[in-house]
Amino acid sequence: MAAEIPGPTMRGPILPGTDLGLDGPRPDDPAGSTTPARRHLTRRRLYLRRFLRNRGAVVGLVVLGLLVLFALFGSLFTPFDYTDVDFTALTAPPSPEHLFGTNGTGNDTFAQAVHGLQRSLIIAVTVSLLTTTIAAVVGAAAAYLGGRVEKLTLGFIHFLLVVPSFLILALVSQKAGGDWRVLIVVLTVFGWMLSARVVWSLSTSLREREFVQAARFMGVRPFQVVLRHLVPNIGSLLIVSFTLGVVATVMAETGLSFVGFGVQLPDVSLGTMLSDGANTIYSAPWLFYFPAGLLTLLTVSMALIGDGLRDALDPTSRSGGRVSARRAARDLESGGMA
Amino acid sequence: MLRYLVRKCTGWLLMIVAATNLTYFLANAFLDPRANYLQLRPPRSPEQISRSLAQYNLSPDTPLLERWWSWVTGIVLRWDWGASPIGDSVNDQISFRILVSAQLVIGALILTTAIGIGLAVYTASRQYRFADRFHQGLSIITLNIPIVVAGLAVVLLAILLNQSLGTTLLFVAGAQSPGVTGFWPLLVDRVQHLVLPTIALVITGYAGTHLLQRALLLDNINSDFVRMARAKGLTRRQAIRRHGLRTSLIPVATSIAFAIPALFTGAVLTETIFAWEGMGRYFIQTISKNDVHGAVAVAAFGALMTAIGAILADVAVVALDPRVRVS
């Protein structure tokens, strides 16, 4: 059996998030896909098929794709910039000239929505990438090193969970005057603990496994073991926690911006647009409809994708066909990771 | 059990003390109470400002450690959490705001839990049928609606409702109207104010409980002991409720207990939207008004809520799971 299984450890580290999980993290085995008689699936095809079976996840992916296109190319559809002021149209309802209407100072809501969506997306994706990376390395390292390091790390994580992070977020980002880069740093610093704890609890069982022990006794440096052997084995969890992290960050960012502690004028995010819309919700409801709609589409589509990925990457999932025996064995070997 | 609880409480108390002190120093680093006096007319000199602040133990001329020491001794000896830069007592503010927030949060917590668990039992016993799939999809959507969007949408709908009725049935701002007296009028008035924010919190909150409870219940619903209960003659519904649900309630109880502090944070946004003068609003006001002592008190309150949630989670596990013995 040991010879059969080269071990799930022989792959390079996955950068969480760079790969949405549609690609198998391992190089494809050509033998597996060229035997049509038994319908062996490569890992990539299996994941793809499982993901596509989930209708909600596909809808989510399409919606997210449209949102990203809107954020990237939306500015082509309007002559206005998000800072431009049109004094001839203050608080004007949607019209052919201003597709989403204008706000009280005459800013074009469409241009603001494009910019705000960009801001919210950049912040959310960056923060989620960073927190997932930190959580993976810290959690796995704590589990692998054990002893005093582990105790200290866990104590630190628990402490950060008790510290009212929303308050500290507000303190720091208010002082920074609404710079979105500072917001990224602050959201990262207080966002990694929970998933680090999950990674730690999964890694504690991984560290006892033969391939990790083998690497340890071969004299591989601890940092190398963590990066090459522990982190790749919880890759599927990290991918899922990346997508859900995006949702959580979007909510935190818009919440902070809404109460005035996140992104601040003259910069615009979906949260600041919502706080604009909140004051005129009855007299100028379009200022609420468009940012609220975009924001909800973003969070819900991302959550649907995360849900589909969790099903697709779950090694215990029985949906969407079987993997070849060898892959199944490898799956068993890395079982229970998703 | 008692010894276990005492040990746990001591640990959490230490955490709270550490977190509160950390926030004290952070708040001093990031908030500048002098800013509150800068816009005053006639303008004050820096010395005058420092002297005004000194009476509230906020003067930047006093060394930080010295201020910290008198702040700590004030709390330990007199339970005095200090004053805002314009002299309002933090104790007074917090004591009535906790009650305002509690009305909102406790009602919402009970409703989200009841709806979530009820819906989970209903859908889990109809796995993969239409009702199950429908509620599953609905829950994923509502769970991910940002609270700001949900709150504002509720406000908009309520305004439209009030207009079509021609009278104000549901209030969109505040916790109660001024000038209402008498027990029953007051109660009705409170409820009229409470309905909308509670709806907003419940819409975004119930789905978490529903999805978690459904998944756990499905793990148990086909297990031997539920089948055994059926074999003894219980109906399917009784078997699920008495045997399946009880075992799968344990992790849900834990997660609900831990959701209490999150609910108070979620209430920050809800209270802002509905203009409730609770802890959440206070939190925002303290920060925007450079109220160091108020902000620290809010932080201490948040840490206390986390600790209470964690201890409740432990107690719930012991109460629900006869296998767990604490020494």
# chains A, B, ... in the order shown; residues from 1 in each chain; ligands from 1
$ interface_residues --of "chain B" --to "chain A" --cutoff "10 Å" --atoms "only C-alpha atoms" --output "number ranges by chain"
B: 12, 15-16, 18-20, 22-23, 26-27, 29-32, 137, 140-153, 155-157, 159-160, 261-262, 265-266, 268-269, 272-273, 281, 283-284, 287-288, 290, 295-296, 298-307
$ select_by_dssp --residues "segment 130-239 of chain A" --states "helix (DSSP H, G or I)" --output "number ranges by chain"
A: 130-145, 147-162, 165-175, 180-189, 193-206, 210-217, 222-233, 235-239
$ residues_around --residues "Asp314 of chain B" --least-positions-apart "3" --cutoff "12 Å" --atoms "only C-alpha atoms" --output "list in words"
Met1, Tyr4, Leu5, Lys8, Cys9, Ile250, Pro251, Ala253, Thr254, Ser255, Ile256, Ala257, Phe258, Ala307, Ile308, Gly309, Ala310, Ile311, Val317, Val318, Ala319, Leu320, Asp321, Val324, Arg325 and Val326 of chain B
$ write_last_selection --atoms "N, CA, C and O atoms" --output "compact mmCIF listing (two decimals), in the first residue's frame"
# COMPACT_ATOMS: atom_id res chain seq x y z
N MET B 1 -18.72 20.34 39.57
CA MET B 1 -19.28 21.33 38.65
C MET B 1 -18.94 22.75 39.10
O MET B 1 -18.48 23.57 38.31
N TYR B 4 -15.31 23.53 38.71
CA TYR B 4 -15.03 23.69 37.29
C TYR B 4 -15.44 25.09 36.83
O TYR B 4 -14.69 25.80 36.16
N LEU B 5 -16.66 25.49 37.25
CA LEU B 5 -17.16 26.80 36.85
C LEU B 5 -16.28 27.92 37.40
O LEU B 5 -15.96 28.88 36.69
N LYS B 8 -13.15 28.16 35.39
CA LYS B 8 -13.42 28.76 34.09
C LYS B 8 -13.62 30.27 34.22
O LYS B 8 -13.06 31.06 33.46
N CYS B 9 -14.43 30.65 35.23
CA CYS B 9 -14.74 32.07 35.38
C CYS B 9 -13.47 32.87 35.67
O CYS B 9 -13.30 33.97 35.15
N ILE B 250 -26.79 19.77 20.95
CA ILE B 250 -25.62 20.17 21.74
C ILE B 250 -24.72 21.18 21.00
O ILE B 250 -24.46 22.26 21.52
N PRO B 251 -24.25 20.84 19.78
CA PRO B 251 -23.40 21.82 19.11
C PRO B 251 -24.13 23.12 18.78
O PRO B 251 -23.52 24.19 18.78
N ALA B 253 -26.46 24.54 20.61
CA ALA B 253 -26.48 25.34 21.83
C ALA B 253 -25.16 26.07 22.01
O ALA B 253 -25.11 27.25 22.35
N THR B 254 -24.05 25.35 21.74
CA THR B 254 -22.75 25.99 21.84
C THR B 254 -22.66 27.18 20.90
O THR B 254 -22.24 28.26 21.29
N SER B 255 -23.10 26.97 19.66
CA SER B 255 -22.91 28.06 18.69
C SER B 255 -23.83 29.23 18.99
O SER B 255 -23.47 30.38 18.76
N ILE B 256 -25.01 28.95 19.56
CA ILE B 256 -25.89 30.06 19.92
C ILE B 256 -25.29 30.86 21.06
O ILE B 256 -25.30 32.10 21.05
N ALA B 257 -24.73 30.16 22.04
CA ALA B 257 -24.13 30.87 23.16
C ALA B 257 -23.00 31.76 22.68
O ALA B 257 -22.84 32.90 23.13
N PHE B 258 -22.24 31.27 21.71
CA PHE B 258 -21.15 32.09 21.20
C PHE B 258 -21.65 33.20 20.30
O PHE B 258 -20.92 34.13 19.98
N ALA B 307 -17.40 36.23 27.33
CA ALA B 307 -17.15 35.29 28.42
C ALA B 307 -18.44 34.61 28.85
O ALA B 307 -18.49 33.38 29.03
N ILE B 308 -19.51 35.41 28.99
CA ILE B 308 -20.79 34.82 29.40
C ILE B 308 -21.24 33.80 28.38
O ILE B 308 -21.69 32.70 28.71
N GLY B 309 -21.08 34.15 27.08
CA GLY B 309 -21.44 33.21 26.03
C GLY B 309 -20.68 31.91 26.15
O GLY B 309 -21.25 30.82 26.06
N ALA B 310 -19.36 32.02 26.38
CA ALA B 310 -18.54 30.82 26.46
C ALA B 310 -18.93 29.95 27.65
O ALA B 310 -19.02 28.72 27.55
N ILE B 311 -19.19 30.61 28.80
CA ILE B 311 -19.56 29.83 29.99
C ILE B 311 -20.93 29.18 29.80
O ILE B 311 -21.14 28.01 30.13
N VAL B 317 -23.68 22.38 27.34
CA VAL B 317 -23.20 21.05 26.98
C VAL B 317 -23.39 20.08 28.14
O VAL B 317 -23.89 18.96 27.97
N VAL B 318 -23.05 20.54 29.35
CA VAL B 318 -23.20 19.67 30.50
C VAL B 318 -24.67 19.33 30.73
O VAL B 318 -25.03 18.19 31.02
N ALA B 319 -25.53 20.33 30.55
CA ALA B 319 -26.95 20.11 30.81
C ALA B 319 -27.58 19.18 29.78
O ALA B 319 -28.44 18.37 30.11
N LEU B 320 -27.14 19.29 28.53
CA LEU B 320 -27.80 18.53 27.48
C LEU B 320 -27.20 17.14 27.28
O LEU B 320 -27.88 16.23 26.83
N ASP B 321 -25.91 17.00 27.57
CA ASP B 321 -25.24 15.76 27.24
C ASP B 321 -24.92 14.99 28.51
O ASP B 321 -24.01 15.35 29.25
N VAL B 324 -21.24 13.88 29.37
CA VAL B 324 -20.17 14.78 29.78
C VAL B 324 -20.17 14.91 31.30
O VAL B 324 -21.18 15.22 31.91
N ARG B 325 -19.04 14.62 31.89
CA ARG B 325 -18.90 14.79 33.33
C ARG B 325 -17.78 15.78 33.56
O ARG B 325 -16.71 15.63 32.97
N VAL B 326 -18.03 16.77 34.39
CA VAL B 326 -16.94 17.68 34.71
C VAL B 326 -16.43 17.35 36.09
O VAL B 326 -17.19 16.97 36.98
$ residues_around --residues "segment 222-231 of chain B" --least-positions-apart "3" --cutoff "10 Å" --atoms "only C-alpha atoms" --output "ChimeraX atom specification"
/B:217-219,234-245
$ residues_around --residues "segment 191-200 of chain B" --least-positions-apart "6" --cutoff "10 Å" --atoms "only C-alpha atoms" --output "JSON, numbers by chain"
{"B": [103, 104, 105, 106, 107, 108, 109, 111, 112, 147, 148, 149, 150, 151, 152, 153, 154, 155, 157, 158, 168, 169, 170, 171, 172, 173, 174, 175, 176, 177, 185, 267, 270, 271, 273, 274, 275, 276]}
$ closest_residue --among "A:Leu76, A:Val226, A:Val63, A:Val246" --to "Thr132 of chain A" --atoms "only C-alpha atoms"
A:Val246
$ closest_residue --among "A:Leu169, A:Ala113, A:Gly60, A:Pro266" --to "Thr78 of chain A" --atoms "only C-alpha atoms"
A:Ala113
